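Beneath this line is the structure, given in structure tokens, with notes to follow.
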Amino acid sequence: MANPAEELDLRVLKTITVKAPIERAFSIFVEQMETWWPSTHHIGNTPFQAIFVEPRVGGRWYERNVAGEQCDWGTVLRWDPPHAVCFSWHVGPGHDQPEWKFDPDMAKASEVEIRFTAQGRDSTFVELEHRKIERHGQGAEQLRAMFDGPGAWISILEQYAKRVDTPDASA
């Protein structure tokens with residue numbers, strides 16, 4: 001088992017500022033996720049059509065494909081609109097590459113918390129913290145490096161920011 005100092009190293013923190021009031025920034029994040037989340041980033045057998053966040057602690061975070069099949073991603077651990085939402089994330093590393101499959105074991109789930117801070121009336125600072133990655137077990141260090149890389153959380157947040165900046169992205 002890793003010591004506390006090593007566990008702290010397995011966290012990823014990314015930030016972005018979006019041009020929207022805090023309520024709109026939060027709403028687009030949790031209610032319109034499929035409009036900005038990369039279609040290549042899914043854990044179901046086929047690409048998603050929609051992504052859902054049930055608005056309560058204990059709610060599901062899941063995707064649905066065009067055939068109506070659902071695939072869980074995690075559980076809502078914190079629900080504090082419009083200031084924060086936190087999800088458990090139930091995917092794990094494989095031997096050579098990540099297994100993007102749902103694992104219901106909470107002891108193996110990392111956490112993704114998104115915090116929203118108003119910066120005036122029309123701007124919101126968004127912090128995404130992916131923590132407890134060590135729970136994914138063997139390969140967690142590689143998984144953390146992948147999440148910290150350019151094709152992961154930062155590009156996902158950039159897609160989110162583009163969607164927030166789109167005039168028809170009403171919340």
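FYI, nothing fancy with the structure tokens labels: chains A, B, ... in order, residues from 1 per chain, ligands from 1 as they appear.
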Do you know which residues are at most 9 Å from region 25-37 of chain A counting only C-alpha atoms, after dropping those on the same chain fewer than 5 positions away, and could you put them as a PDB file with N, CA and C atoms, in the first residue's frame?
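The resulting file, result.pdb, is reproduced below:
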ATOM      1  N   VAL A  18     -14.199  30.146 -17.446  1.00  0.00           N
ATOM      2  CA  VAL A  18     -15.198  30.201 -18.519  1.00  0.00           C
ATOM      3  C   VAL A  18     -15.955  31.521 -18.455  1.00  0.00           C
ATOM      4  N   LYS A  19     -16.444  31.938 -19.601  1.00  0.00           N
ATOM      5  CA  LYS A  19     -17.164  33.209 -19.721  1.00  0.00           C
ATOM      6  C   LYS A  19     -18.654  32.975 -19.513  1.00  0.00           C
ATOM      7  N   ALA A  20     -19.029  32.791 -18.249  1.00  0.00           N
ATOM      8  CA  ALA A  20     -20.435  32.558 -17.911  1.00  0.00           C
ATOM      9  C   ALA A  20     -20.625  32.756 -16.416  1.00  0.00           C
ATOM     10  N   PHE A  48     -21.494   6.947 -26.649  1.00  0.00           N
ATOM     11  CA  PHE A  48     -22.696   7.423 -25.967  1.00  0.00           C
ATOM     12  C   PHE A  48     -23.516   8.346 -26.856  1.00  0.00           C
ATOM     13  N   GLN A  49     -24.790   8.413 -26.546  1.00  0.00           N
ATOM     14  CA  GLN A  49     -25.686   9.396 -27.146  1.00  0.00           C
ATOM     15  C   GLN A  49     -25.956  10.499 -26.127  1.00  0.00           C
ATOM     16  N   ALA A  50     -26.009  10.124 -24.861  1.00  0.00           N
ATOM     17  CA  ALA A  50     -26.293  11.085 -23.795  1.00  0.00           C
ATOM     18  C   ALA A  50     -25.518  10.687 -22.542  1.00  0.00           C
ATOM     19  N   ILE A  51     -25.239  11.703 -21.715  1.00  0.00           N
ATOM     20  CA  ILE A  51     -24.588  11.491 -20.424  1.00  0.00           C
ATOM     21  C   ILE A  51     -25.487  12.123 -19.373  1.00  0.00           C
ATOM     22  N   PHE A  52     -25.701  11.404 -18.283  1.00  0.00           N
ATOM     23  CA  PHE A  52     -26.613  11.869 -17.249  1.00  0.00           C
ATOM     24  C   PHE A  52     -25.919  11.972 -15.901  1.00  0.00           C
ATOM     25  N   VAL A  53     -26.314  12.987 -15.152  1.00  0.00           N
ATOM     26  CA  VAL A  53     -25.906  13.151 -13.764  1.00  0.00           C
ATOM     27  C   VAL A  53     -27.189  13.309 -12.968  1.00  0.00           C
ATOM     28  N   GLU A  54     -27.504  12.344 -12.136  1.00  0.00           N
ATOM     29  CA  GLU A  54     -28.693  12.464 -11.289  1.00  0.00           C
ATOM     30  C   GLU A  54     -28.379  13.471 -10.185  1.00  0.00           C
ATOM     31  N   PRO A  55     -29.169  14.544 -10.076  1.00  0.00           N
ATOM     32  CA  PRO A  55     -28.833  15.699  -9.231  1.00  0.00           C
ATOM     33  C   PRO A  55     -29.064  15.508  -7.737  1.00  0.00           C
ATOM     34  N   GLU A  63     -23.811   6.916 -18.907  1.00  0.00           N
ATOM     35  CA  GLU A  63     -24.028   7.201 -20.319  1.00  0.00           C
ATOM     36  C   GLU A  63     -25.114   6.270 -20.857  1.00  0.00           C
ATOM     37  N   PRO A  81     -24.956  22.611  -5.922  1.00  0.00           N
ATOM     38  CA  PRO A  81     -25.087  23.568  -7.015  1.00  0.00           C
ATOM     39  C   PRO A  81     -25.203  25.002  -6.502  1.00  0.00           C
ATOM     40  N   PRO A  82     -24.613  25.955  -7.150  1.00  0.00           N
ATOM     41  CA  PRO A  82     -23.760  25.854  -8.343  1.00  0.00           C
ATOM     42  C   PRO A  82     -22.276  25.841  -8.004  1.00  0.00           C
ATOM     43  N   HIS A  83     -21.917  25.419  -6.805  1.00  0.00           N
ATOM     44  CA  HIS A  83     -20.532  25.537  -6.351  1.00  0.00           C
ATOM     45  C   HIS A  83     -19.668  24.299  -6.556  1.00  0.00           C
ATOM     46  N   ALA A  84     -20.250  23.111  -6.488  1.00  0.00           N
ATOM     47  CA  ALA A  84     -19.417  21.910  -6.594  1.00  0.00           C
ATOM     48  C   ALA A  84     -20.237  20.669  -6.895  1.00  0.00           C
ATOM     49  N   VAL A  85     -19.572  19.736  -7.552  1.00  0.00           N
ATOM     50  CA  VAL A  85     -20.095  18.395  -7.750  1.00  0.00           C
ATOM     51  C   VAL A  85     -18.894  17.460  -7.677  1.00  0.00           C
ATOM     52  N   ARG A 115     -15.122  22.194  -8.822  1.00  0.00           N
ATOM     53  CA  ARG A 115     -15.527  23.335  -8.010  1.00  0.00           C
ATOM     54  C   ARG A 115     -15.663  24.561  -8.902  1.00  0.00           C
ATOM     55  N   PHE A 116     -16.695  25.341  -8.657  1.00  0.00           N
ATOM     56  CA  PHE A 116     -17.005  26.523  -9.456  1.00  0.00           C
ATOM     57  C   PHE A 116     -16.960  27.747  -8.546  1.00  0.00           C
ATOM     58  N   SER A 123     -18.120  35.509 -15.308  1.00  0.00           N
ATOM     59  CA  SER A 123     -16.945  34.661 -15.417  1.00  0.00           C
ATOM     60  C   SER A 123     -16.906  33.701 -14.225  1.00  0.00           C
ATOM     61  N   THR A 124     -16.493  32.475 -14.498  1.00  0.00           N
ATOM     62  CA  THR A 124     -16.417  31.454 -13.449  1.00  0.00           C
ATOM     63  C   THR A 124     -15.098  30.702 -13.553  1.00  0.00           C
ATOM     64  N   VAL A 126     -13.131  27.410 -12.787  1.00  0.00           N
ATOM     65  CA  VAL A 126     -13.495  25.999 -12.630  1.00  0.00           C
ATOM     66  C   VAL A 126     -12.233  25.210 -12.276  1.00  0.00           C
ATOM     67  N   ILE A 156     -10.448  18.026 -22.104  1.00  0.00           N
ATOM     68  CA  ILE A 156     -11.875  17.908 -21.783  1.00  0.00           C
ATOM     69  C   ILE A 156     -12.402  19.243 -21.253  1.00  0.00           C
ATOM     70  N   LEU A 157     -11.639  19.887 -20.376  1.00  0.00           N
ATOM     71  CA  LEU A 157     -12.066  21.197 -19.867  1.00  0.00           C
ATOM     72  C   LEU A 157     -12.079  22.251 -20.975  1.00  0.00           C
ATOM     73  N   GLN A 159     -12.847  21.667 -24.100  1.00  0.00           N
ATOM     74  CA  GLN A 159     -14.087  21.405 -24.847  1.00  0.00           C
ATOM     75  C   GLN A 159     -15.299  21.953 -24.088  1.00  0.00           C
ATOM     76  N   TYR A 160     -15.287  21.765 -22.783  1.00  0.00           N
ATOM     77  CA  TYR A 160     -16.345  22.315 -21.932  1.00  0.00           C
ATOM     78  C   TYR A 160     -16.394  23.841 -22.071  1.00  0.00           C
ATOM     79  N   ALA A 161     -15.247  24.498 -21.994  1.00  0.00           N
ATOM     80  CA  ALA A 161     -15.196  25.960 -22.101  1.00  0.00           C
ATOM     81  C   ALA A 161     -15.723  26.434 -23.458  1.00  0.00           C
ATOM     82  N   LYS A 162     -15.386  25.724 -24.527  1.00  0.00           N
ATOM     83  CA  LYS A 162     -15.911  26.081 -25.860  1.00  0.00           C
ATOM     84  C   LYS A 162     -17.429  25.995 -25.871  1.00  0.00           C
ATOM     85  N   ARG A 163     -17.974  24.980 -25.240  1.00  0.00           N
ATOM     86  CA  ARG A 163     -19.431  24.823 -25.195  1.00  0.00           C
ATOM     87  C   ARG A 163     -20.069  25.936 -24.379  1.00  0.00           C
ATOM     88  N   VAL A 164     -19.469  26.278 -23.259  1.00  0.00           N
ATOM     89  CA  VAL A 164     -19.993  27.371 -22.432  1.00  0.00           C
ATOM     90  C   VAL A 164     -19.998  28.673 -23.212  1.00  0.00           C
ATOM     91  N   ALA A 169     -25.788  27.686 -25.972  1.00  0.00           N
ATOM     92  CA  ALA A 169     -25.620  26.753 -24.853  1.00  0.00           C
ATOM     93  C   ALA A 169     -26.360  27.279 -23.642  1.00  0.00           C
ATOM     94  N   SER A 170     -27.658  27.353 -23.748  1.00  0.00           N
ATOM     95  CA  SER A 170     -28.454  27.882 -22.637  1.00  0.00           C
ATOM     96  C   SER A 170     -28.508  26.864 -21.518  1.00  0.00           C
ATOM     97  N   ALA A 171     -28.689  27.382 -20.340  1.00  0.00           N
ATOM     98  CA  ALA A 171     -28.746  26.510 -19.162  1.00  0.00           C
ATOM     99  C   ALA A 171     -30.020  26.750 -18.403  1.00  0.00           C
TER     100      ALA A 171
END
Margin query: Considering only C-alpha atoms, can you say which of A:Glu134, A:Glu158, A:Asp165, A:Asp148 comes closest to Leu10 (chain A)?
Written below: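 Counting only C-alpha atoms, the residue closest to Leu10 (chain A) is A:Glu134.
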Checklist line | Separation of CA of Trp153 (chain A) from CA of Thr117 (chain A) in Å | finding: 18.5 Å
Note to self: Report, in Å with one decimal, the straight-line distance from CA of Arg11 (chain A) to CA of Ser39 (chain A).
What the structure shows: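 Spanning CA of Arg11 (chain A) to CA of Ser39 (chain A) is a straight-line distance of 24.4 Å.
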Next item on the list: Apply DSSP to the backbone of this structure and, from chain A, keep only the residues in strand (DSSP E or B); write these as a PyMOL selection string.
Entry: chain A and resi 12-18+48-53+60-65+70-80+84-89+92-93+98-99+110-118+124-131
Note to self: Calculated over only C-alpha atoms, which of the candidates A:Ala152, A:Ala107, A:Gly68, A:Leu143 has the smallest distance to Leu128 (chain A)?
What the structure shows: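 Using only C-alpha atoms, Leu128 (chain A) sits closest to A:Ala152.
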Next item on the list: Determine the nearest neighbour of Arg135 (chain A) from the options A:Leu77, A:Ala109, A:Val66, A:Val12, counting only C-alpha atoms.
Entry: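 The answer is A:Ala109, which sits nearest to Arg135 (chain A).
When CA of Pro21 (chain A) is paired with CA of Pro167 (chain A), their separation reads 13.1 Å.
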